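For reference, the structure is listed below as structure tokens.
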Amino acid sequence: MSNPDIQSADASELSPEQRLEPPNTRLINAGIVTINDMETLQECVAYENAHQNRPQILRRLKSKADELREDEE
């Protein structure tokens with residue numbers, strides 16, 4: 001099965017819900033990998049904290065934040 005919301009959207013336009021609520025973990029990972037700015041990352045962390053609060057997803061988001069900070073240097 002595919003998610004038409006994700007297929008039709010540019011990765012930079014995905015909502016936190018679209019990034020973090022797909023039907024399988026590979027799509028969640030893809031949603032996190034395509035985060036390119038801290039604002040989007042912070043929105044995803046807030047969404048995850050409010051809705052699922054899954055430690056493994058929060059760790060992936062933290063790792064992505066560390067990566068974005070390194071890229072800013």
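Just so we're on the same page: first chain in the structure tokens is A, next is B, and so on; residues restart at 1 for each chain, and ligands are numbered from 1 in the order they show up.
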
Fewer than 3 positions away in the same chain doesn't count, so skip those; otherwise give me all residues within 12 Å of Gly31 of chain A, counting only C-alpha atoms, as a short mmCIF file (atom, residue, chain, number, x, y, z; two decimals) with N, CA and C atoms, in the first residue's frame.
```
data_model
loop_
_atom_site.label_atom_id
_atom_site.label_comp_id
_atom_site.auth_asym_id
_atom_site.auth_seq_id
_atom_site.Cartn_x
_atom_site.Cartn_y
_atom_site.Cartn_z
N ILE A 6 2.07 11.38 0.88
CA ILE A 6 3.52 11.46 0.82
C ILE A 6 3.98 11.48 -0.63
N GLN A 7 3.38 10.68 -1.48
CA GLN A 7 3.80 10.61 -2.87
C GLN A 7 3.57 11.92 -3.60
N ALA A 9 3.50 15.00 -2.31
CA ALA A 9 4.11 16.17 -1.69
C ALA A 9 5.61 16.18 -1.90
N ASP A 10 6.17 17.35 -2.09
CA ASP A 10 7.60 17.54 -2.08
C ASP A 10 8.05 17.27 -0.64
N ALA A 11 9.20 16.61 -0.45
CA ALA A 11 9.66 16.26 0.89
C ALA A 11 9.74 17.47 1.81
N SER A 12 10.06 18.63 1.28
CA SER A 12 10.18 19.82 2.12
C SER A 12 8.83 20.34 2.57
N GLU A 13 7.76 19.85 1.97
CA GLU A 13 6.41 20.31 2.31
C GLU A 13 5.64 19.32 3.18
N LEU A 14 6.28 18.24 3.61
CA LEU A 14 5.59 17.25 4.43
C LEU A 14 5.33 17.80 5.82
N SER A 15 4.17 17.51 6.34
CA SER A 15 3.84 17.90 7.71
C SER A 15 4.50 16.92 8.67
N PRO A 16 4.63 17.29 9.95
CA PRO A 16 5.16 16.34 10.92
C PRO A 16 4.36 15.03 10.93
N GLU A 17 3.06 15.12 10.81
CA GLU A 17 2.22 13.92 10.79
C GLU A 17 2.58 13.02 9.61
N GLN A 18 2.77 13.61 8.44
CA GLN A 18 3.13 12.82 7.26
C GLN A 18 4.51 12.18 7.43
N ARG A 19 5.43 12.87 8.08
CA ARG A 19 6.78 12.33 8.27
C ARG A 19 6.80 11.21 9.30
N LEU A 20 5.99 11.32 10.35
CA LEU A 20 6.13 10.43 11.50
C LEU A 20 5.01 9.40 11.66
N GLU A 21 4.00 9.42 10.81
CA GLU A 21 2.89 8.47 10.94
C GLU A 21 2.67 7.57 9.73
N PRO A 22 3.67 7.35 8.87
CA PRO A 22 3.43 6.43 7.77
C PRO A 22 3.31 5.00 8.30
N PRO A 23 2.85 4.08 7.45
CA PRO A 23 2.56 2.73 7.90
C PRO A 23 3.77 1.85 8.22
N ASN A 24 4.98 2.25 7.84
CA ASN A 24 6.13 1.41 8.20
C ASN A 24 7.34 2.26 8.55
N THR A 25 8.28 1.63 9.25
CA THR A 25 9.43 2.37 9.78
C THR A 25 10.37 2.88 8.70
N ARG A 26 10.44 2.22 7.57
CA ARG A 26 11.31 2.72 6.49
C ARG A 26 10.83 4.09 6.01
N LEU A 27 9.52 4.28 5.96
CA LEU A 27 9.00 5.58 5.54
C LEU A 27 9.20 6.63 6.62
N ILE A 28 9.14 6.23 7.88
CA ILE A 28 9.44 7.17 8.97
C ILE A 28 10.89 7.61 8.86
N THR A 34 14.91 13.37 5.30
CA THR A 34 14.66 14.50 4.40
C THR A 34 14.42 15.82 5.11
N ILE A 35 14.55 15.85 6.43
CA ILE A 35 14.45 17.12 7.16
C ILE A 35 15.72 17.91 6.91
N ASN A 36 15.56 19.14 6.44
CA ASN A 36 16.73 19.94 6.06
C ASN A 36 16.92 21.20 6.89
N THR A 40 11.73 22.69 10.86
CA THR A 40 10.97 21.48 10.55
C THR A 40 11.25 20.40 11.58
N LEU A 41 12.50 20.26 11.97
CA LEU A 41 12.87 19.28 12.98
C LEU A 41 12.16 19.55 14.30
N CYS A 44 8.62 18.51 14.16
CA CYS A 44 8.49 17.05 14.24
C CYS A 44 8.67 16.56 15.68
N ILE A 57 12.05 7.03 17.92
CA ILE A 57 11.85 8.12 16.96
C ILE A 57 12.49 9.39 17.49
N ARG A 60 16.15 9.25 16.87
CA ARG A 60 16.47 9.54 15.46
C ARG A 60 16.39 11.04 15.18
N LEU A 61 15.39 11.69 15.77
CA LEU A 61 15.25 13.14 15.59
C LEU A 61 16.42 13.87 16.24
N LYS A 64 19.36 13.56 14.01
CA LYS A 64 19.21 14.47 12.87
C LYS A 64 19.53 15.90 13.29
#
```

(message) Please report the interatomic distance between atom CA of Ile32 of chain A and atom CA of Glu72 of chain A in Å with one decimal.
(response) 17.7 Å

From a backbone DSSP assignment, name each residue in chain A labelled helix (DSSP H, G or I), as a CSV table (one decimal) with all heavy atoms, in the first residue's frame.
```csv
chain,number,residue,atom,x,y,z
A,4,PRO,N,-0.7,8.3,-0.6
A,4,PRO,CA,-0.8,9.3,-1.6
A,4,PRO,C,-0.4,10.7,-1.1
A,4,PRO,O,0.2,11.5,-1.9
A,4,PRO,CB,-2.2,9.3,-2.1
A,4,PRO,CG,-3.0,8.6,-1.1
A,4,PRO,CD,-2.0,7.7,-0.4
A,5,ASP,N,-0.6,10.9,0.2
A,5,ASP,CA,-0.2,12.2,0.7
A,5,ASP,C,1.3,12.4,0.6
A,5,ASP,O,1.8,13.5,0.3
A,5,ASP,CB,-0.6,12.4,2.2
A,5,ASP,CG,-2.1,12.5,2.3
A,5,ASP,OD1,-2.8,12.9,1.4
A,5,ASP,OD2,-2.6,12.1,3.4
A,6,ILE,N,2.1,11.4,0.9
A,6,ILE,CA,3.5,11.5,0.8
A,6,ILE,C,4.0,11.5,-0.6
A,6,ILE,O,4.9,12.2,-1.0
A,6,ILE,CB,4.2,10.3,1.6
A,6,ILE,CG1,3.9,10.5,3.1
A,6,ILE,CG2,5.7,10.2,1.3
A,6,ILE,CD1,4.4,9.4,3.9
A,7,GLN,N,3.4,10.7,-1.5
A,7,GLN,CA,3.8,10.6,-2.9
A,7,GLN,C,3.6,11.9,-3.6
A,7,GLN,O,4.3,12.3,-4.5
A,7,GLN,CB,3.1,9.5,-3.6
A,7,GLN,CG,3.5,8.1,-3.2
A,7,GLN,CD,2.8,7.0,-3.9
A,7,GLN,OE1,1.8,7.3,-4.6
A,7,GLN,NE2,3.2,5.8,-3.8
A,8,SER,N,2.5,12.6,-3.3
A,8,SER,CA,2.2,13.9,-4.0
A,8,SER,C,2.9,15.1,-3.5
A,8,SER,O,2.9,16.1,-4.1
A,8,SER,CB,0.7,14.1,-4.0
A,8,SER,OG,0.2,14.3,-2.7
A,11,ALA,N,9.2,16.6,-0.5
A,11,ALA,CA,9.7,16.3,0.9
A,11,ALA,C,9.7,17.5,1.8
A,11,ALA,O,9.5,17.4,3.0
A,11,ALA,CB,11.0,15.6,0.8
A,12,SER,N,10.1,18.6,1.3
A,12,SER,CA,10.2,19.8,2.1
A,12,SER,C,8.8,20.3,2.6
A,12,SER,O,8.8,21.2,3.5
A,12,SER,CB,10.9,20.9,1.4
A,12,SER,OG,10.2,21.3,0.2
A,13,GLU,N,7.8,19.8,2.0
A,13,GLU,CA,6.4,20.3,2.3
A,13,GLU,C,5.6,19.3,3.2
A,13,GLU,O,4.5,19.6,3.5
A,13,GLU,CB,5.6,20.6,1.0
A,13,GLU,CG,6.2,21.7,0.2
A,13,GLU,CD,5.5,21.8,-1.2
A,13,GLU,OE1,4.6,21.1,-1.4
A,13,GLU,OE2,5.9,22.7,-1.9
A,16,PRO,N,4.6,17.3,9.9
A,16,PRO,CA,5.2,16.3,10.9
A,16,PRO,C,4.4,15.0,10.9
A,16,PRO,O,4.9,13.9,11.0
A,16,PRO,CB,5.1,17.1,12.3
A,16,PRO,CG,5.2,18.5,11.9
A,16,PRO,CD,4.4,18.6,10.6
A,17,GLU,N,3.1,15.1,10.8
A,17,GLU,CA,2.2,13.9,10.8
A,17,GLU,C,2.6,13.0,9.6
A,17,GLU,O,2.7,11.8,9.7
A,17,GLU,CB,0.7,14.3,10.7
A,17,GLU,CG,-0.2,13.1,10.7
A,17,GLU,CD,-1.6,13.4,10.7
A,17,GLU,OE1,-2.0,14.6,10.5
A,17,GLU,OE2,-2.4,12.5,10.9
A,18,GLN,N,2.8,13.6,8.4
A,18,GLN,CA,3.1,12.8,7.3
A,18,GLN,C,4.5,12.2,7.4
A,18,GLN,O,4.7,11.1,7.0
A,18,GLN,CB,3.1,13.7,6.0
A,18,GLN,CG,1.7,14.1,5.6
A,18,GLN,CD,1.7,15.1,4.5
A,18,GLN,OE1,2.4,16.1,4.6
A,18,GLN,NE2,0.9,14.9,3.5
A,19,ARG,N,5.4,12.9,8.1
A,19,ARG,CA,6.8,12.3,8.3
A,19,ARG,C,6.8,11.2,9.3
A,19,ARG,O,7.6,10.3,9.2
A,19,ARG,CB,7.7,13.4,8.7
A,19,ARG,CG,8.1,14.4,7.7
A,19,ARG,CD,9.1,15.4,8.2
A,19,ARG,NE,9.3,16.5,7.3
A,19,ARG,CZ,10.1,16.5,6.3
A,19,ARG,NH1,10.8,15.5,6.0
A,19,ARG,NH2,10.2,17.6,5.5
A,20,LEU,N,6.0,11.3,10.3
A,20,LEU,CA,6.1,10.4,11.5
A,20,LEU,C,5.0,9.4,11.7
A,20,LEU,O,5.1,8.6,12.6
A,20,LEU,CB,6.2,11.3,12.8
A,20,LEU,CG,7.4,12.2,12.8
A,20,LEU,CD1,7.3,13.1,14.1
A,20,LEU,CD2,8.7,11.5,12.7
A,25,THR,N,8.3,1.6,9.3
A,25,THR,CA,9.4,2.4,9.8
A,25,THR,C,10.4,2.9,8.7
A,25,THR,O,11.0,3.9,8.9
A,25,THR,CB,10.2,1.5,10.8
A,25,THR,OG1,10.6,0.3,10.2
A,25,THR,CG2,9.4,1.2,12.0
A,26,ARG,N,10.4,2.2,7.6
A,26,ARG,CA,11.3,2.7,6.5
A,26,ARG,C,10.8,4.1,6.0
A,26,ARG,O,11.6,5.0,5.7
A,26,ARG,CB,11.4,1.7,5.3
A,26,ARG,CG,12.3,0.6,5.7
A,26,ARG,CD,12.4,-0.3,4.5
A,26,ARG,NE,11.3,-1.2,4.6
A,26,ARG,CZ,11.0,-2.1,3.7
A,26,ARG,NH1,11.7,-2.3,2.6
A,26,ARG,NH2,10.0,-2.9,3.8
A,27,LEU,N,9.5,4.3,6.0
A,27,LEU,CA,9.0,5.6,5.5
A,27,LEU,C,9.2,6.6,6.6
A,27,LEU,O,9.4,7.8,6.3
A,27,LEU,CB,7.5,5.5,5.2
A,27,LEU,CG,7.2,4.7,3.9
A,27,LEU,CD1,5.7,4.5,3.7
A,27,LEU,CD2,7.9,5.3,2.7
A,28,ILE,N,9.1,6.2,7.9
A,28,ILE,CA,9.4,7.2,9.0
A,28,ILE,C,10.9,7.6,8.9
A,28,ILE,O,11.2,8.8,8.9
A,28,ILE,CB,9.2,6.5,10.4
A,28,ILE,CG1,7.6,6.3,10.5
A,28,ILE,CG2,9.7,7.4,11.5
A,28,ILE,CD1,7.3,5.5,11.8
A,29,ASN,N,11.8,6.7,8.6
A,29,ASN,CA,13.2,7.0,8.5
A,29,ASN,C,13.4,7.9,7.3
A,29,ASN,O,14.2,8.9,7.4
A,29,ASN,CB,14.0,5.7,8.3
A,29,ASN,CG,14.1,4.9,9.6
A,29,ASN,OD1,13.9,5.4,10.7
A,29,ASN,ND2,14.4,3.6,9.4
A,30,ALA,N,12.7,7.7,6.2
A,30,ALA,CA,12.9,8.6,5.0
A,30,ALA,C,12.4,10.0,5.4
A,30,ALA,O,12.9,11.0,5.0
A,30,ALA,CB,12.1,8.0,3.9
A,31,GLY,N,11.3,10.0,6.1
A,31,GLY,CA,10.7,11.3,6.5
A,31,GLY,C,11.7,12.1,7.4
A,31,GLY,O,11.9,13.3,7.2
A,32,ILE,N,12.4,11.4,8.2
A,32,ILE,CA,13.4,12.1,9.1
A,32,ILE,C,14.7,12.5,8.3
A,32,ILE,O,15.2,13.6,8.4
A,32,ILE,CB,13.8,11.2,10.3
A,32,ILE,CG1,12.6,11.1,11.2
A,32,ILE,CG2,15.0,11.8,11.1
A,32,ILE,CD1,12.7,10.0,12.3
A,33,VAL,N,15.1,11.6,7.4
A,33,VAL,CA,16.3,11.9,6.6
A,33,VAL,C,16.1,13.1,5.8
A,33,VAL,O,17.1,13.9,5.5
A,33,VAL,CB,16.7,10.7,5.8
A,33,VAL,CG1,17.7,11.0,4.7
A,33,VAL,CG2,17.2,9.5,6.6
A,38,MET,N,16.2,23.2,11.0
A,38,MET,CA,15.9,23.1,12.4
A,38,MET,C,14.4,23.4,12.7
A,38,MET,O,13.8,22.7,13.6
A,38,MET,CB,16.7,24.0,13.3
A,38,MET,CG,18.1,23.4,13.4
A,38,MET,SD,18.1,21.8,14.2
A,38,MET,CE,19.1,22.1,15.6
A,39,GLU,N,13.8,24.3,12.0
A,39,GLU,CA,12.4,24.6,12.2
A,39,GLU,C,11.5,23.4,12.0
A,39,GLU,O,10.7,23.0,12.8
A,39,GLU,CB,11.9,25.7,11.3
A,39,GLU,CG,10.5,26.1,11.5
A,39,GLU,CD,10.1,27.3,10.6
A,39,GLU,OE1,10.9,28.0,10.0
A,39,GLU,OE2,8.8,27.5,10.5
A,40,THR,N,11.7,22.7,10.9
A,40,THR,CA,11.0,21.5,10.5
A,40,THR,C,11.2,20.4,11.6
A,40,THR,O,10.3,19.7,12.1
A,40,THR,CB,11.3,21.0,9.1
A,40,THR,OG1,11.0,22.0,8.2
A,40,THR,CG2,10.6,19.7,8.8
A,41,LEU,N,12.5,20.3,12.0
A,41,LEU,CA,12.9,19.3,13.0
A,41,LEU,C,12.2,19.6,14.3
A,41,LEU,O,11.6,18.6,14.9
A,41,LEU,CB,14.4,19.3,13.2
A,41,LEU,CG,14.8,18.2,14.2
A,41,LEU,CD1,15.1,16.9,13.5
A,41,LEU,CD2,16.0,18.7,14.9
A,42,GLN,N,12.1,20.8,14.7
A,42,GLN,CA,11.5,21.2,16.0
A,42,GLN,C,10.0,20.9,15.9
A,42,GLN,O,9.4,20.4,16.9
A,42,GLN,CB,11.7,22.6,16.3
A,42,GLN,CG,13.2,22.9,16.7
A,42,GLN,CD,13.5,24.3,16.8
A,42,GLN,OE1,12.8,25.2,16.3
A,42,GLN,NE2,14.7,24.6,17.5
A,43,GLU,N,9.4,21.1,14.8
A,43,GLU,CA,7.9,20.8,14.6
A,43,GLU,C,7.7,19.3,14.7
A,43,GLU,O,6.7,18.9,15.3
A,43,GLU,CB,7.5,21.3,13.2
A,43,GLU,CG,7.4,22.8,13.1
A,43,GLU,CD,7.1,23.3,11.7
A,43,GLU,OE1,7.0,22.4,10.8
A,43,GLU,OE2,7.0,24.5,11.5
A,44,CYS,N,8.6,18.5,14.2
A,44,CYS,CA,8.5,17.0,14.2
A,44,CYS,C,8.7,16.6,15.7
A,44,CYS,O,7.9,15.7,16.1
A,44,CYS,CB,9.5,16.4,13.3
A,44,CYS,SG,9.1,16.6,11.6
A,45,VAL,N,9.6,17.1,16.4
A,45,VAL,CA,9.8,16.7,17.8
A,45,VAL,C,8.6,17.1,18.6
A,45,VAL,O,8.1,16.3,19.4
A,45,VAL,CB,11.1,17.4,18.4
A,45,VAL,CG1,11.2,17.2,19.9
A,45,VAL,CG2,12.4,16.9,17.7
A,46,ALA,N,8.1,18.3,18.4
A,46,ALA,CA,6.8,18.7,19.1
A,46,ALA,C,5.7,17.7,18.8
A,46,ALA,O,4.9,17.3,19.7
A,46,ALA,CB,6.5,20.1,18.8
A,47,TYR,N,5.5,17.4,17.5
A,47,TYR,CA,4.5,16.5,17.1
A,47,TYR,C,4.6,15.1,17.8
A,47,TYR,O,3.7,14.6,18.4
A,47,TYR,CB,4.4,16.3,15.6
A,47,TYR,CG,3.4,15.4,15.2
A,47,TYR,CD1,2.1,15.8,15.0
A,47,TYR,CD2,3.7,14.0,15.0
A,47,TYR,CE1,1.1,14.9,14.6
A,47,TYR,CE2,2.7,13.1,14.6
A,47,TYR,CZ,1.4,13.6,14.4
A,47,TYR,OH,0.4,12.7,14.1
A,48,GLU,N,5.8,14.6,17.8
A,48,GLU,CA,6.1,13.3,18.3
A,48,GLU,C,5.9,13.3,19.8
A,48,GLU,O,5.3,12.4,20.4
A,48,GLU,CB,7.6,12.8,18.0
A,48,GLU,CG,7.9,11.5,18.5
A,48,GLU,CD,7.1,10.3,17.9
A,48,GLU,OE1,6.5,10.5,16.8
A,48,GLU,OE2,7.0,9.3,18.5
A,49,ASN,N,6.3,14.3,20.5
A,49,ASN,CA,6.1,14.4,22.0
A,49,ASN,C,4.6,14.5,22.3
A,49,ASN,O,4.2,13.9,23.3
A,49,ASN,CB,6.8,15.7,22.5
A,49,ASN,CG,8.3,15.4,22.7
A,49,ASN,OD1,8.8,14.3,23.0
A,49,ASN,ND2,9.1,16.5,22.6
A,50,ALA,N,3.8,15.2,21.5
A,50,ALA,CA,2.4,15.3,21.8
A,50,ALA,C,1.6,14.1,21.4
A,50,ALA,O,0.5,13.9,22.0
A,50,ALA,CB,1.9,16.6,21.0
A,51,HIS,N,2.0,13.3,20.4
A,51,HIS,CA,1.2,12.3,19.9
A,51,HIS,C,1.6,10.9,20.2
A,51,HIS,O,0.8,10.1,20.7
A,51,HIS,CB,1.0,12.4,18.4
A,51,HIS,CG,0.2,13.6,18.0
A,51,HIS,ND1,0.8,14.9,17.8
A,51,HIS,CD2,-1.1,13.8,17.9
A,51,HIS,CE1,-0.1,15.8,17.6
A,51,HIS,NE2,-1.3,15.2,17.6
A,55,PRO,N,10.4,6.6,22.0
A,55,PRO,CA,11.8,6.9,22.3
A,55,PRO,C,12.7,6.7,21.1
A,55,PRO,O,13.6,7.5,20.8
A,55,PRO,CB,12.2,5.9,23.4
A,55,PRO,CG,10.9,5.6,24.1
A,55,PRO,CD,9.9,5.7,23.0
A,56,GLN,N,12.5,5.6,20.3
A,56,GLN,CA,13.4,5.4,19.2
A,56,GLN,C,13.2,6.5,18.1
A,56,GLN,O,14.2,6.9,17.5
A,56,GLN,CB,13.1,4.0,18.6
A,56,GLN,CG,11.8,3.8,17.8
A,56,GLN,CD,10.6,3.5,18.7
A,56,GLN,OE1,10.6,3.7,19.9
A,56,GLN,NE2,9.6,2.9,18.1
A,57,ILE,N,12.0,7.0,17.9
A,57,ILE,CA,11.8,8.1,17.0
A,57,ILE,C,12.5,9.4,17.5
A,57,ILE,O,13.2,10.1,16.8
A,57,ILE,CB,10.4,8.3,16.7
A,57,ILE,CG1,9.7,7.1,16.1
A,57,ILE,CG2,10.2,9.5,15.7
A,57,ILE,CD1,10.3,6.6,14.8
A,58,LEU,N,12.3,9.7,18.8
A,58,LEU,CA,13.0,10.8,19.4
A,58,LEU,C,14.5,10.8,19.3
A,58,LEU,O,15.1,11.8,19.0
A,58,LEU,CB,12.5,11.0,20.8
A,58,LEU,CG,11.0,11.4,20.9
A,58,LEU,CD1,10.6,11.3,22.4
A,58,LEU,CD2,10.8,12.8,20.4
A,59,ARG,N,15.0,9.6,19.4
A,59,ARG,CA,16.5,9.4,19.3
A,59,ARG,C,16.9,9.7,17.8
A,59,ARG,O,17.9,10.4,17.6
A,59,ARG,CB,16.9,8.0,19.7
A,59,ARG,CG,17.1,7.8,21.1
A,59,ARG,CD,17.8,6.5,21.5
A,59,ARG,NE,17.1,5.3,21.0
A,59,ARG,CZ,16.2,4.6,21.7
A,59,ARG,NH1,15.8,5.1,22.8
A,59,ARG,NH2,15.6,3.6,21.1
A,60,ARG,N,16.1,9.3,16.9
A,60,ARG,CA,16.5,9.5,15.5
A,60,ARG,C,16.4,11.0,15.2
A,60,ARG,O,17.2,11.6,14.4
A,60,ARG,CB,15.5,8.8,14.5
A,60,ARG,CG,15.8,7.3,14.5
A,60,ARG,CD,15.0,6.6,13.5
A,60,ARG,NE,15.1,5.2,13.7
A,60,ARG,CZ,14.0,4.3,13.7
A,60,ARG,NH1,12.8,4.8,13.5
A,60,ARG,NH2,14.2,3.1,13.9
A,61,LEU,N,15.4,11.7,15.8
A,61,LEU,CA,15.2,13.1,15.6
A,61,LEU,C,16.4,13.9,16.2
A,61,LEU,O,16.9,14.8,15.7
A,61,LEU,CB,13.9,13.6,16.1
A,61,LEU,CG,12.7,13.2,15.3
A,61,LEU,CD1,11.4,13.4,16.1
A,61,LEU,CD2,12.6,13.8,14.0
A,62,LYS,N,16.9,13.4,17.4
A,62,LYS,CA,18.0,14.0,18.1
A,62,LYS,C,19.3,13.9,17.2
A,62,LYS,O,20.0,14.8,17.0
A,62,LYS,CB,18.2,13.4,19.5
A,62,LYS,CG,19.4,14.1,20.2
A,62,LYS,CD,19.8,13.4,21.5
A,62,LYS,CE,20.9,14.1,22.2
A,62,LYS,NZ,22.1,14.4,21.4
A,63,SER,N,19.4,12.7,16.7
A,63,SER,CA,20.6,12.4,15.8
A,63,SER,C,20.5,13.4,14.6
A,63,SER,O,21.6,13.9,14.2
A,63,SER,CB,20.6,11.0,15.3
A,63,SER,OG,21.6,10.7,14.5
A,64,LYS,N,19.4,13.6,14.0
A,64,LYS,CA,19.2,14.5,12.9
A,64,LYS,C,19.5,15.9,13.3
A,64,LYS,O,20.2,16.6,12.5
A,64,LYS,CB,17.8,14.4,12.3
A,64,LYS,CG,17.6,15.2,11.1
A,64,LYS,CD,18.5,14.8,9.9
A,64,LYS,CE,18.2,15.6,8.7
A,64,LYS,NZ,19.0,15.1,7.5
A,65,ALA,N,19.1,16.3,14.5
A,65,ALA,CA,19.4,17.6,15.0
A,65,ALA,C,20.9,17.8,15.1
A,65,ALA,O,21.5,18.9,14.7
A,65,ALA,CB,18.8,17.9,16.3
A,66,ASP,N,21.6,16.8,15.6
A,66,ASP,CA,23.1,16.9,15.7
A,66,ASP,C,23.7,17.0,14.4
A,66,ASP,O,24.6,17.8,14.2
A,66,ASP,CB,23.6,15.6,16.4
A,66,ASP,CG,23.2,15.5,17.9
A,66,ASP,OD1,22.8,16.5,18.5
A,66,ASP,OD2,23.3,14.4,18.4
A,67,GLU,N,23.2,16.3,13.4
A,67,GLU,CA,23.7,16.4,12.0
A,67,GLU,C,23.5,17.8,11.4
A,67,GLU,O,24.4,18.3,10.8
A,67,GLU,CB,23.0,15.3,11.2
A,67,GLU,CG,23.4,15.3,9.7
A,67,GLU,CD,22.5,14.3,9.0
A,67,GLU,OE1,22.3,13.2,9.4
A,67,GLU,OE2,22.1,14.7,7.9
A,68,LEU,N,22.3,18.4,11.7
A,68,LEU,CA,22.0,19.7,11.1
A,68,LEU,C,22.9,20.7,11.8
A,68,LEU,O,23.4,21.7,11.1
A,68,LEU,CB,20.6,20.1,11.4
A,68,LEU,CG,19.5,19.3,10.5
A,68,LEU,CD1,18.1,19.6,10.9
A,68,LEU,CD2,19.7,19.6,9.0
A,69,ARG,N,23.2,20.6,13.1
A,69,ARG,CA,24.1,21.5,13.8
A,69,ARG,C,25.5,21.4,13.2
A,69,ARG,O,26.2,22.4,13.1
A,69,ARG,CB,24.1,21.2,15.3
A,69,ARG,CG,22.8,21.7,16.0
A,69,ARG,CD,22.9,21.5,17.5
A,69,ARG,NE,21.6,21.7,18.1
A,69,ARG,CZ,20.9,20.7,18.5
A,69,ARG,NH1,21.3,19.4,18.5
A,69,ARG,NH2,19.7,20.9,19.0
A,70,GLU,N,26.0,20.2,12.9
A,70,GLU,CA,27.3,20.0,12.3
A,70,GLU,C,27.4,20.7,11.0
A,70,GLU,O,28.4,21.3,10.6
A,70,GLU,CB,27.6,18.5,12.2
A,70,GLU,CG,28.0,17.9,13.5
A,70,GLU,CD,28.3,16.4,13.3
A,70,GLU,OE1,28.5,16.0,12.1
A,70,GLU,OE2,28.4,15.7,14.3
A,71,ASP,N,26.3,20.6,10.2
A,71,ASP,CA,26.3,21.2,8.9
A,71,ASP,C,26.3,22.7,8.9
A,71,ASP,O,26.8,23.4,8.0
A,71,ASP,CB,25.1,20.7,8.1
A,71,ASP,CG,25.1,19.3,7.7
A,71,ASP,OD1,26.2,18.7,7.8
A,71,ASP,OD2,24.1,18.7,7.3
A,72,GLU,N,25.8,23.3,10.0
A,72,GLU,CA,25.8,24.8,10.2
A,72,GLU,C,27.2,25.3,10.5
A,72,GLU,O,27.4,26.5,10.2
A,72,GLU,CB,24.8,25.2,11.3
A,72,GLU,CG,23.4,25.0,10.9
A,72,GLU,CD,22.4,25.4,12.1
A,72,GLU,OE1,22.9,25.6,13.2
A,72,GLU,OE2,21.2,25.4,11.8
```
